[in-house]
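Visitor: Pasting start24.cif below, which is mmCIF, C-alpha atoms.
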```cif
data_target
loop_
_atom_site.label_atom_id
_atom_site.label_comp_id
_atom_site.auth_asym_id
_atom_site.auth_seq_id
_atom_site.Cartn_x
_atom_site.Cartn_y
_atom_site.Cartn_z
CA MET A 144 148.32 172.74 117.77
CA THR A 145 150.30 170.73 120.28
CA GLY A 146 152.15 172.39 123.13
CA GLN A 147 154.98 171.61 125.50
CA ASP A 148 155.27 173.32 128.87
CA GLY A 149 158.12 171.79 130.82
CA SER A 150 157.36 168.08 130.98
CA ARG A 151 153.66 168.55 130.18
CA THR A 152 152.14 168.29 126.74
CA TYR A 153 148.78 169.77 125.85
CA SER A 154 146.52 170.55 122.90
CA ARG A 155 145.48 173.99 121.63
CA THR A 156 142.67 174.81 119.21
CA VAL A 157 142.29 178.30 117.75
CA ALA A 158 139.35 179.73 115.78
CA HIS A 159 139.49 183.21 114.21
CA HIS A 160 136.73 185.39 112.77
CA THR A 161 137.11 189.09 111.78
CA GLY A 162 139.67 189.94 114.46
CA TRP A 163 138.08 187.88 117.25
CA ALA A 164 139.60 184.60 118.41
CA ARG A 165 138.68 181.66 120.60
CA VAL A 166 141.58 179.67 122.06
CA GLU A 167 141.04 176.39 123.87
CA GLU A 168 143.74 174.42 125.69
CA VAL A 169 143.43 171.19 127.66
CA ARG A 170 145.99 170.76 130.42
CA ASP A 171 145.91 168.03 133.07
CA GLY A 172 142.16 167.53 132.61
CA ILE A 173 141.38 171.27 132.93
CA ILE A 174 139.97 173.13 129.92
CA HIS A 175 141.28 176.69 129.50
CA ILE A 176 139.22 178.82 127.11
CA GLY A 177 140.09 182.33 125.97
CA TYR A 178 138.16 184.86 123.88
CA GLY A 179 139.61 188.14 122.70
CA ASN A 180 140.42 190.78 120.14
CA PHE A 181 143.89 192.33 120.05
CA HIS A 182 142.71 195.55 118.39
CA ALA A 183 139.81 195.97 120.83
CA ASN A 184 142.23 195.26 123.70
CA ALA A 185 139.67 192.86 125.19
CA TRP A 186 140.49 189.48 126.67
CA LEU A 187 138.56 186.81 128.60
CA SER A 188 140.09 183.67 130.08
CA ALA A 189 137.99 180.94 131.72
CA THR A 190 138.50 177.42 133.08
CA LYS A 191 136.39 174.36 133.61
CA ALA A 192 136.85 170.64 134.17
CA ASP A 193 135.78 168.25 131.44
CA GLY A 194 132.03 167.68 131.80
CA ASP A 195 131.56 170.51 134.33
CA ASP A 196 130.51 174.12 133.95
CA PHE A 197 132.91 177.06 134.22
CA SER A 198 134.74 177.37 137.54
CA SER A 199 136.69 180.62 137.02
CA VAL A 200 136.98 183.60 134.70
CA MET A 201 139.14 186.67 134.21
CA VAL A 202 137.95 189.48 131.93
CA LYS A 203 140.17 192.45 131.13
CA ARG A 204 140.08 195.61 129.07
CA ALA A 205 142.74 198.28 129.54
CA VAL A 206 144.23 201.33 127.90
CA PRO A 207 147.10 199.80 125.86
CA SER A 208 149.79 201.78 127.71
CA ARG A 209 148.55 200.25 130.99
CA ASP A 210 148.13 196.70 129.69
CA TYR A 211 151.46 195.36 130.92
CA GLU A 212 150.77 191.83 129.68
CA GLY A 213 149.82 193.00 126.20
CA ILE A 214 152.01 193.10 123.10
CA GLY A 215 153.50 196.52 122.52
CA SER A 216 155.51 195.82 119.38
CA ALA A 217 157.04 193.04 117.24
CA ARG A 218 160.28 192.63 115.30
CA GLU A 219 160.73 190.33 112.33
CA GLY A 220 163.53 187.79 112.75
CA ALA A 221 165.82 186.13 110.23
CA ASP A 222 164.56 182.58 110.75
CA ASP A 223 161.79 180.76 108.93
CA GLY A 224 159.77 177.76 110.06
CA ASN A 225 157.73 174.97 108.49
CA TYR A 226 155.11 173.06 110.46
CA ALA A 227 152.51 170.63 109.09
CA GLY A 228 153.42 171.80 105.60
CA GLU A 229 152.86 175.51 106.41
CA HIS A 230 155.67 178.02 105.97
CA CYS A 231 156.04 180.81 108.54
CA LYS A 232 158.34 183.66 109.55
CA TRP A 233 159.52 184.03 113.17
CA TRP A 234 158.82 187.33 114.96
CA GLN A 235 159.90 188.45 118.43
CA LEU A 236 157.10 189.95 120.52
CA PHE A 237 157.73 192.75 123.03
CA ARG A 238 155.37 193.15 125.95
CA ARG A 239 154.78 196.50 127.63
CA GLY A 240 155.92 195.40 131.09
CA PRO A 241 159.33 195.79 132.74
CA GLY A 242 162.28 194.51 130.74
CA ASN A 243 161.05 195.53 127.27
CA GLY A 244 162.90 192.62 125.66
CA GLN A 245 166.21 193.30 127.43
CA TYR A 246 166.02 190.21 129.65
CA GLY A 247 163.85 187.12 129.80
CA PRO A 248 161.43 185.75 129.25
CA PHE A 249 161.41 186.26 125.48
CA TRP A 250 158.31 185.58 123.36
CA PHE A 251 158.32 184.48 119.70
CA SER A 252 155.57 183.81 117.17
CA CYS A 253 155.89 182.18 113.74
CA GLN A 254 153.39 183.76 111.33
CA SER A 255 152.21 182.50 107.95
CA ALA A 256 152.09 184.88 104.97
CA ASP A 257 148.36 185.41 105.62
CA GLY A 258 148.86 186.19 109.32
CA ILE A 259 148.10 182.83 110.97
CA GLU A 260 150.17 181.84 113.99
CA ILE A 261 151.77 178.50 113.13
CA ALA A 262 154.08 178.09 116.14
CA THR A 263 155.15 179.86 119.33
CA LYS A 264 157.98 179.61 121.82
CA THR A 265 158.97 181.30 125.07
CA LEU A 266 162.63 181.43 126.14
CA LEU A 267 163.85 182.16 129.65
CA SER A 268 166.97 183.75 128.16
CA ALA A 269 168.06 184.42 124.60
CA ASP A 270 170.16 181.26 124.25
CA ASN A 271 168.05 178.80 126.27
CA ARG A 272 165.81 176.01 125.08
CA PRO A 273 162.11 176.98 125.11
CA MET A 274 160.31 177.17 128.45
CA SER A 275 157.18 176.44 126.44
CA GLU A 276 156.27 176.07 122.78
CA THR A 277 153.45 175.14 120.42
CA GLN A 278 153.48 173.77 116.90
CA LEU A 279 150.81 173.40 114.24
CA VAL A 280 149.22 169.98 113.71
CA LYS A 281 146.37 170.94 111.37
CA LEU A 282 145.15 174.14 109.71
CA THR A 283 141.82 174.65 107.98
CA ARG A 284 141.16 177.89 106.14
CA GLY A 285 137.46 178.57 105.68
CA PRO A 286 134.43 180.35 107.12
CA VAL A 287 134.19 180.52 110.92
CA ALA A 288 130.82 181.32 112.48
CA GLU A 289 130.67 184.39 114.70
CA ALA A 290 129.13 182.26 117.46
CA GLU A 291 132.40 180.33 117.76
CA VAL A 292 134.31 183.40 118.94
CA ARG A 293 131.73 184.90 121.31
CA PRO A 294 131.80 183.97 125.02
CA PRO A 295 128.70 182.61 126.79
CA ALA A 296 126.58 185.31 128.45
CA ARG A 297 126.55 183.53 131.82
CA LEU A 298 130.23 184.38 132.31
CA PHE A 299 129.13 188.00 132.88
CA ARG A 300 126.19 187.20 135.20
CA PRO A 301 126.68 187.61 138.99
CA ASP A 302 123.95 185.07 139.74
CA PHE A 303 125.92 182.37 137.88
CA TRP A 304 129.02 182.93 140.02
CA LEU A 305 127.17 183.49 143.31
CA THR A 306 124.67 180.63 143.24
CA PRO A 307 125.24 178.75 146.54
CA LEU A 308 127.19 175.54 146.05
CA ARG A 309 125.55 173.77 148.99
CA ALA A 310 123.32 174.17 152.03
CA TYR A 311 125.16 176.24 154.63
CA PRO A 312 125.07 175.85 158.42
CA GLU A 313 122.90 178.00 160.67
CA LYS A 314 124.14 181.57 161.01
CA PRO A 315 126.26 181.91 164.19
CA ALA A 316 125.61 184.69 166.72
CA THR A 317 128.90 186.32 165.69
CA ALA A 318 127.80 186.77 162.06
CA ALA A 319 124.90 189.25 162.04
CA ASP A 320 123.61 190.66 158.77
CA PHE A 321 124.50 194.33 158.43
CA GLU A 322 125.17 197.36 156.25
CA VAL A 323 128.17 199.46 157.28
CA ARG A 324 129.70 202.55 155.72
CA MET A 325 133.33 203.51 156.42
CA VAL A 326 135.82 206.13 155.26
CA SER A 327 139.60 206.05 154.82
CA GLY A 328 141.42 209.09 153.46
CA ASN A 329 139.77 209.93 150.13
CA ALA A 330 137.95 206.59 149.83
CA ALA A 331 134.41 205.63 150.86
CA PHE A 332 133.46 202.02 151.69
CA ARG A 333 130.13 200.19 151.86
CA MET A 334 130.06 196.72 153.42
CA LEU A 335 127.25 194.17 153.57
CA ARG A 336 126.84 190.68 154.99
CA HIS A 337 124.32 187.97 154.20
CA TYR A 338 125.86 184.95 155.93
CA PRO A 339 128.06 183.34 154.69
CA TRP A 340 128.41 186.07 152.04
CA ARG A 341 130.25 189.39 152.38
CA ALA A 342 130.50 192.34 150.01
CA GLU A 343 132.60 195.49 149.96
CA GLU A 344 132.47 198.44 147.59
CA GLN A 345 135.28 201.01 147.60
CA ARG A 346 134.91 204.29 145.71
CA ASP A 347 137.98 206.54 145.49
CA GLU A 348 137.99 210.27 144.94
CA ASP A 349 139.51 209.80 141.46
CA GLY A 350 136.51 207.70 140.36
CA THR A 351 138.13 204.28 140.76
CA VAL A 352 135.70 201.60 141.95
CA ARG A 353 136.71 198.32 143.57
CA PHE A 354 133.99 195.82 144.35
CA ARG A 355 134.29 192.35 145.81
CA VAL A 356 131.79 189.82 147.04
CA TRP A 357 132.84 186.51 148.50
CA ASN A 358 131.71 183.44 150.38
CA GLU A 359 133.38 182.96 153.76
CA LEU A 360 133.02 179.16 153.59
CA ASP A 361 133.87 178.41 149.94
CA ASP A 362 136.27 179.72 147.29
CA GLN A 363 133.54 181.61 145.53
CA GLY A 364 133.15 185.26 144.65
CA ILE A 365 133.71 188.20 142.28
CA PHE A 366 136.31 190.98 142.33
CA VAL A 367 135.91 193.99 140.01
CA VAL A 368 138.17 197.00 139.43
CA PHE A 369 137.09 199.95 137.29
CA SER A 370 139.20 203.05 136.68
CA GLY A 371 139.89 205.51 133.90
CA ASP A 372 142.52 203.30 132.26
CA SER A 373 141.49 199.74 133.09
CA HIS A 374 138.41 197.64 133.69
CA TRP A 375 138.56 194.00 134.75
CA PHE A 376 136.91 191.40 136.88
CA ARG A 377 137.65 187.89 138.02
CA ALA A 378 135.25 185.34 139.47
CA SER A 379 135.36 181.76 140.67
CA ARG A 380 133.00 179.15 142.11
CA SER A 381 134.39 176.05 143.75
CA PRO A 382 134.42 174.39 147.17
CA ARG A 383 137.25 175.41 149.45
CA LYS A 384 140.07 172.89 149.38
CA PRO A 385 140.59 170.93 152.62
CA GLY A 386 143.19 172.54 154.84
CA ARG A 387 142.99 175.93 153.12
CA PHE A 388 142.07 178.69 155.58
CA TRP A 389 141.52 181.57 153.16
CA ASN A 390 139.94 182.20 149.79
CA SER A 391 140.86 184.16 146.68
CA PHE A 392 138.86 187.24 147.66
CA ASP A 393 139.74 187.92 151.31
CA ILE A 394 143.11 187.77 153.04
CA ALA A 395 141.66 186.82 156.43
CA THR A 396 143.26 183.59 157.71
CA GLY A 397 141.99 183.47 161.28
CA GLN A 398 140.88 185.58 164.23
CA VAL A 399 143.32 186.16 167.13
CA ASP A 400 142.12 188.30 170.06
CA LEU A 401 144.50 191.25 170.58
CA GLU A 402 143.05 191.79 174.09
CA ARG A 403 142.06 195.42 173.73
CA GLY A 404 138.79 197.18 173.07
CA ASP A 405 137.35 200.43 171.68
CA GLU A 406 134.03 202.14 171.05
CA TYR A 407 132.66 203.77 167.87
CA LEU A 408 129.19 205.26 167.31
CA GLY A 409 128.38 204.18 170.86
CA GLU A 410 129.11 200.53 169.98
CA PRO A 411 131.78 198.61 171.92
CA CYS A 412 134.16 196.38 169.96
CA ARG A 413 137.24 194.22 170.44
CA TRP A 414 140.37 194.16 168.28
CA PHE A 415 141.34 191.00 166.39
CA ASP A 416 144.23 190.09 164.10
CA MET A 417 142.51 188.61 161.04
CA THR A 418 145.75 187.53 159.30
CA PRO A 419 147.84 185.62 161.87
CA ASN A 420 151.12 184.23 160.53
CA MET A 421 150.89 186.27 157.31
CA ALA A 422 154.08 188.21 156.55
CA ASP A 423 153.35 190.27 153.42
CA ALA A 424 149.88 191.67 154.28
CA GLY A 425 147.78 192.26 157.35
CA LYS A 426 144.32 193.17 158.58
CA GLU A 427 143.19 194.09 162.08
CA GLN A 428 139.51 194.71 162.87
CA CYS A 429 137.61 196.02 165.84
CA LEU A 430 134.50 193.78 165.87
CA THR A 431 131.24 194.03 167.80
CA ALA A 432 130.01 190.99 169.69
CA ASP A 433 127.93 190.03 166.65
CA GLY A 434 130.89 190.34 164.25
CA ILE A 435 130.43 193.79 162.68
CA PRO A 436 133.61 195.75 161.84
CA LEU A 437 133.76 199.31 163.23
CA ARG A 438 137.43 200.10 162.61
CA GLU A 439 139.98 198.38 160.40
CA TYR A 440 143.72 198.63 159.72
CA ARG A 441 145.09 197.16 156.48
CA THR A 442 148.73 196.78 155.50
CA SER A 443 150.30 195.52 152.30
CA TRP A 444 153.32 196.11 150.09
CA VAL A 445 151.54 199.11 148.53
CA GLY A 446 150.80 200.91 151.80
CA ARG A 447 148.45 201.17 154.76
CA ALA A 448 144.77 202.03 155.14
CA ASP A 449 142.79 203.06 158.22
CA LEU A 450 139.01 202.58 157.89
CA THR A 451 136.56 204.12 160.39
CA VAL A 452 132.82 203.50 160.60
CA VAL A 453 130.44 206.40 159.86
CA SER A 454 127.14 204.48 159.84
CA LEU A 455 125.87 201.05 160.92
CA VAL A 456 122.52 199.37 160.31
CA ARG A 457 121.66 195.86 161.50
CA ARG A 458 119.05 194.48 159.10
CA ALA A 459 118.14 191.48 157.00
CA VAL A 460 120.21 191.56 153.80
CA GLU A 461 119.23 189.65 150.65
CA LEU A 462 121.94 187.92 148.62
CA GLU A 463 121.01 189.94 145.51
CA GLU A 464 121.98 193.13 147.39
CA LEU A 465 125.57 191.86 147.36
CA PHE A 466 125.73 191.62 143.56
CA PRO A 467 128.09 194.09 141.83
CA PRO A 468 126.44 197.16 140.23
CA ALA A 469 125.28 196.09 136.77
CA GLU A 470 127.61 198.42 134.87
CA LEU A 471 130.71 196.87 136.46
CA MET A 472 130.12 193.52 134.74
CA ALA A 473 128.26 194.70 131.63
CA PRO A 474 129.82 192.90 128.61
CA SER A 475 129.60 196.05 126.46
CA ASN A 476 131.73 197.99 128.97
CA LEU A 477 134.34 195.24 128.73
CA GLY A 478 134.38 195.12 124.93
CA PHE A 479 132.33 191.93 124.42
CA THR A 480 129.08 190.92 122.75
CA PRO A 481 128.34 187.59 124.43
CA LEU A 482 126.44 184.66 122.97
CA LEU A 483 122.92 184.64 124.39
CA GLU A 484 121.92 181.34 126.01
#
```
Go ahead and express the file in the form of structure tokens.
Guide:
Amino acid sequence: MTGQDGSRTYSRTVAHHTGWARVEEVRDGIIHIGYGNFHANAWLSATKADGDDFSSVMVKRAVPSRDYEGIGSAREGADDGNYAGEHCKWWQLFRRGPGNGQYGPFWFSCQSADGIEIATKTLLSADNRPMSETQLVKLTRGPVAEAEVRPPARLFRPDFWLTPLRAYPEKPATAADFEVRMVSGNAAFRMLRHYPWRAEEQRDEDGTVRFRVWNELDDQGIFVVFSGDSHWFRASRSPRKPGRFWNSFDIATGQVDLERGDEYLGEPCRWFDMTPNMADAGKEQCLTADGIPLREYRTSWVGRADLTVVSLVRRAVELEELFPPAELMAPSNLGFTPLLE
């Protein structure tokens, strides 16, 4: 298929086998690849540059009622279409998020008699020209190998995403390796550092688990959320862009001394604003002289959290200790059977 998104044109290739699909788009030199199954409510989206390996991935599986980006229903329209000699019927798609088709954007899909998507369009409002659209160029009906619709196994492997991109500088005195445990309300936290890597695991009383591991010097890491109604993770591995002072996994943008101190577990610490000049979120930490957090205040649009240390151990930490628990990234728990490599 060919697509139009604003002034940009791009190509889309779709392969389908027994409910599973692989969708590949090329936009501005970046390859976007998706794998998924609507009925299994499983979706994976990854990117890479031409000739390079994968640089990012998002994997999601959610209870349908909580999958706000998913399709909740469809309504057959009165219009037909014909593209590359294939006849299709236009349907309007209704997502489960706010709006429910009452205001834009509006999504449409033109389906052949045997259920193949021939064209798509997205309208900002009901009477506008398409914000984006795709149209069939070529269609081949025939056997599709299962291997074509299964994602590579490395997309689920922590070691693939966390392999160091380069040699890092000597560890500074303010970046000691450590294992810290904290509590905040009904949540328990475990934090680790293996410079320049950090990891944090949050376990809530309701069973929700949030795990993130990130590189303080590059835009590299993994963020996983697991709860009773959703399970997803995202990961990326790329050098930090020049002039960018934060990464995708930590909101810290600097370290401004707030000129006050405290003491926890017999350890003195000083308070720092870790998000100077940030308006919509904040983080303040009370850090020891070797950079270990003992108390932390977090603010965001969803509320405030107050974390207090309950145990601290300074020790050598191996990078593998920062990997997410295996079950959090297990393909089977996310609805996928990956292609072994």
Visitor: Can you list, as a PDB file with C-alpha atoms, in the coordinates of the input, the residues that the PyMOL selection byres ((chain A and resi 442) around 10) selects here?
Guide:
```
ATOM      1  CA  ASP A 423     153.350 190.270 153.420  1.00  0.00           C
ATOM      2  CA  ALA A 424     149.880 191.670 154.280  1.00  0.00           C
ATOM      3  CA  GLY A 425     147.780 192.260 157.350  1.00  0.00           C
ATOM      4  CA  LYS A 426     144.320 193.170 158.580  1.00  0.00           C
ATOM      5  CA  GLU A 427     143.190 194.090 162.080  1.00  0.00           C
ATOM      6  CA  TYR A 440     143.720 198.630 159.720  1.00  0.00           C
ATOM      7  CA  ARG A 441     145.090 197.160 156.480  1.00  0.00           C
ATOM      8  CA  SER A 443     150.300 195.520 152.300  1.00  0.00           C
ATOM      9  CA  TRP A 444     153.320 196.110 150.090  1.00  0.00           C
ATOM     10  CA  VAL A 445     151.540 199.110 148.530  1.00  0.00           C
ATOM     11  CA  GLY A 446     150.800 200.910 151.800  1.00  0.00           C
ATOM     12  CA  ARG A 447     148.450 201.170 154.760  1.00  0.00           C
ATOM     13  CA  ALA A 448     144.770 202.030 155.140  1.00  0.00           C
ATOM     14  CA  ASP A 449     142.790 203.060 158.220  1.00  0.00           C
TER      15      ASP A 449
END
```
Visitor: Quick one: what's the axis-aligned box for range 438-442 of chain A, all listed atoms, 5 Å on every side, centre and edges in Å to one decimal, as lines of an AutoDock Vina configuration file?
Guide:
```
center_x = 143.1
center_y = 198.4
center_z = 159.1
size_x = 21.3
size_y = 13.3
size_z = 17.1
```
Visitor: Just checking: using all atoms listed in the file, which residue out of A:Leu298, A:Met201, A:Ala189, A:Ala330 ends up closest to Glu484 in chain A?
Guide: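 Answer, going by the shortest atom-to-atom distance: A:Leu298.
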Visitor: Which one of A:Met417, A:Ala221, A:Leu236, A:Leu471 sits closest to Val352 in chain A if you count all atoms listed in the file?
Guide: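 Counting all atoms listed in the file, the residue closest to Val352 in chain A is A:Leu471.
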Visitor: Once the PyMOL selection byres ((chain A and resi 214) around 8) has been applied to the shown file, what residues remain in the selection, as a PyMOL selection string?
Guide: chain A and resi 212-213+215-217+236-239
Visitor: Quick check, in Å to one decimal: how far apart do CA of Gly179 in chain A and CA of Trp163 in chain A lie?
Guide: 5.7 Å
Visitor: Applying 9 Å and all atoms listed in the file, which residues near range 363-365 of chain A remain after dropping the ones on its own chain fewer than 4 positions away? List them as a tab-separated table (two decimals) with C-alpha atoms, in the frame of the given file.
Guide:
```
chain	number	residue	atom	x	y	z
A	301	PRO	CA	126.68	187.61	138.99
A	304	TRP	CA	129.02	182.93	140.02
A	305	LEU	CA	127.17	183.49	143.31
A	307	PRO	CA	125.24	178.75	146.54
A	308	LEU	CA	127.19	175.54	146.05
A	340	TRP	CA	128.41	186.07	152.04
A	354	PHE	CA	133.99	195.82	144.35
A	355	ARG	CA	134.29	192.35	145.81
A	356	VAL	CA	131.79	189.82	147.04
A	357	TRP	CA	132.84	186.51	148.50
A	358	ASN	CA	131.71	183.44	150.38
A	359	GLU	CA	133.38	182.96	153.76
A	376	PHE	CA	136.91	191.40	136.88
A	377	ARG	CA	137.65	187.89	138.02
A	378	ALA	CA	135.25	185.34	139.47
A	379	SER	CA	135.36	181.76	140.67
A	380	ARG	CA	133.00	179.15	142.11
A	381	SER	CA	134.39	176.05	143.75
A	382	PRO	CA	134.42	174.39	147.17
A	383	ARG	CA	137.25	175.41	149.45
A	390	ASN	CA	139.94	182.20	149.79
A	391	SER	CA	140.86	184.16	146.68
A	392	PHE	CA	138.86	187.24	147.66
A	466	PHE	CA	125.73	191.62	143.56
A	467	PRO	CA	128.09	194.09	141.83
```
Visitor: Report the residues retrieved by the PyMOL selection byres ((chain A and resi 477) around 7) from the displayed file, expressed as JSON, numbers by chain.
Guide: {"A": [185, 203, 204, 374, 473, 474, 475, 476, 478, 479]}
Visitor: Would you save the residues of that selection, restricted to C-alpha atoms, as a PDB file, in the frame of the given file?
Guide:
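Printed below is again_22.pdb as written:
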```
ATOM      1  CA  ALA A 185     139.670 192.860 125.190  1.00  0.00           C
ATOM      2  CA  LYS A 203     140.170 192.450 131.130  1.00  0.00           C
ATOM      3  CA  ARG A 204     140.080 195.610 129.070  1.00  0.00           C
ATOM      4  CA  HIS A 374     138.410 197.640 133.690  1.00  0.00           C
ATOM      5  CA  ALA A 473     128.260 194.700 131.630  1.00  0.00           C
ATOM      6  CA  PRO A 474     129.820 192.900 128.610  1.00  0.00           C
ATOM      7  CA  SER A 475     129.600 196.050 126.460  1.00  0.00           C
ATOM      8  CA  ASN A 476     131.730 197.990 128.970  1.00  0.00           C
ATOM      9  CA  GLY A 478     134.380 195.120 124.930  1.00  0.00           C
ATOM     10  CA  PHE A 479     132.330 191.930 124.420  1.00  0.00           C
TER      11      PHE A 479
END
```
Visitor: I need the residue nearest Ala310 in chain A from this list: A:Asp361, A:Glu410, A:Asp405, A:Asp196. Use all atoms listed in the file for the distance.
Guide: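 Nearest candidate to Ala310 in chain A out of A:Asp361, A:Glu410, A:Asp405, A:Asp196: A:Asp361.
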Visitor: Got a sec: who's within 9 Å of Arg403 in chain A, counting all atoms listed in the file, leaving out chain neighbours fewer than 3 positions off, as a list in words?
Guide: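 Final neighbour list, sorted by chain and number: Asp400, Cys412, Arg413, Trp414 and Phe415 of chain A.
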Visitor: One number please: CA of Arg458 in chain A to CA of Ile394 in chain A, in Å, one decimal.
Guide: 25.7 Å
Visitor: For range 213-231 of chain A, which lacks atoms in the input, supply N, CA and C atoms and format the output as a PDB file, in the frame of the given file.
Guide:
```pdb
ATOM      1  N   GLY A 213     150.121 192.934 127.618  1.00  0.00           N
ATOM      2  CA  GLY A 213     149.820 193.000 126.200  1.00  0.00           C
ATOM      3  C   GLY A 213     151.072 193.147 125.348  1.00  0.00           C
ATOM      4  N   ILE A 214     150.908 192.970 124.048  1.00  0.00           N
ATOM      5  CA  ILE A 214     152.010 193.100 123.100  1.00  0.00           C
ATOM      6  C   ILE A 214     152.122 194.563 122.669  1.00  0.00           C
ATOM      7  N   GLY A 215     153.293 195.135 122.893  1.00  0.00           N
ATOM      8  CA  GLY A 215     153.500 196.520 122.520  1.00  0.00           C
ATOM      9  C   GLY A 215     154.064 196.678 121.119  1.00  0.00           C
ATOM     10  N   SER A 216     154.912 195.733 120.710  1.00  0.00           N
ATOM     11  CA  SER A 216     155.510 195.820 119.380  1.00  0.00           C
ATOM     12  C   SER A 216     156.050 194.446 118.999  1.00  0.00           C
ATOM     13  N   ALA A 217     156.482 194.307 117.738  1.00  0.00           N
ATOM     14  CA  ALA A 217     157.040 193.040 117.240  1.00  0.00           C
ATOM     15  C   ALA A 217     158.172 193.354 116.268  1.00  0.00           C
ATOM     16  N   ARG A 218     159.159 192.448 116.214  1.00  0.00           N
ATOM     17  CA  ARG A 218     160.280 192.630 115.300  1.00  0.00           C
ATOM     18  C   ARG A 218     160.502 191.355 114.514  1.00  0.00           C
ATOM     19  N   GLU A 219     160.538 191.487 113.192  1.00  0.00           N
ATOM     20  CA  GLU A 219     160.730 190.330 112.330  1.00  0.00           C
ATOM     21  C   GLU A 219     162.138 189.777 112.494  1.00  0.00           C
ATOM     22  N   GLY A 220     162.231 188.441 112.617  1.00  0.00           N
ATOM     23  CA  GLY A 220     163.530 187.790 112.750  1.00  0.00           C
ATOM     24  C   GLY A 220     164.039 187.288 111.404  1.00  0.00           C
ATOM     25  N   ALA A 221     165.208 186.638 111.459  1.00  0.00           N
ATOM     26  CA  ALA A 221     165.820 186.130 110.230  1.00  0.00           C
ATOM     27  C   ALA A 221     165.432 184.699 109.927  1.00  0.00           C
ATOM     28  N   ASP A 222     164.831 184.006 110.901  1.00  0.00           N
ATOM     29  CA  ASP A 222     164.560 182.580 110.750  1.00  0.00           C
ATOM     30  C   ASP A 222     163.165 182.329 110.202  1.00  0.00           C
ATOM     31  N   ASP A 223     163.066 181.247 109.415  1.00  0.00           N
ATOM     32  CA  ASP A 223     161.790 180.760 108.930  1.00  0.00           C
ATOM     33  C   ASP A 223     161.451 179.461 109.651  1.00  0.00           C
ATOM     34  N   GLY A 224     160.195 179.031 109.506  1.00  0.00           N
ATOM     35  CA  GLY A 224     159.770 177.760 110.060  1.00  0.00           C
ATOM     36  C   GLY A 224     158.841 177.052 109.105  1.00  0.00           C
ATOM     37  N   ASN A 225     158.672 175.744 109.304  1.00  0.00           N
ATOM     38  CA  ASN A 225     157.730 174.970 108.490  1.00  0.00           C
ATOM     39  C   ASN A 225     157.122 173.903 109.387  1.00  0.00           C
ATOM     40  N   TYR A 226     155.800 173.983 109.565  1.00  0.00           N
ATOM     41  CA  TYR A 226     155.110 173.060 110.460  1.00  0.00           C
ATOM     42  C   TYR A 226     153.842 172.564 109.759  1.00  0.00           C
ATOM     43  N   ALA A 227     153.671 171.259 109.730  1.00  0.00           N
ATOM     44  CA  ALA A 227     152.510 170.630 109.090  1.00  0.00           C
ATOM     45  C   ALA A 227     152.336 171.128 107.657  1.00  0.00           C
ATOM     46  N   GLY A 228     153.473 171.365 106.975  1.00  0.00           N
ATOM     47  CA  GLY A 228     153.420 171.800 105.600  1.00  0.00           C
ATOM     48  C   GLY A 228     153.157 173.286 105.404  1.00  0.00           C
ATOM     49  N   GLU A 229     153.121 174.070 106.499  1.00  0.00           N
ATOM     50  CA  GLU A 229     152.860 175.510 106.410  1.00  0.00           C
ATOM     51  C   GLU A 229     154.136 176.280 106.701  1.00  0.00           C
ATOM     52  N   HIS A 230     154.488 177.183 105.799  1.00  0.00           N
ATOM     53  CA  HIS A 230     155.670 178.020 105.970  1.00  0.00           C
ATOM     54  C   HIS A 230     155.325 179.238 106.832  1.00  0.00           C
ATOM     55  N   CYS A 231     156.280 179.652 107.685  1.00  0.00           N
ATOM     56  CA  CYS A 231     156.040 180.810 108.540  1.00  0.00           C
ATOM     57  C   CYS A 231     157.338 181.558 108.787  1.00  0.00           C
TER      58      CYS A 231
END
```
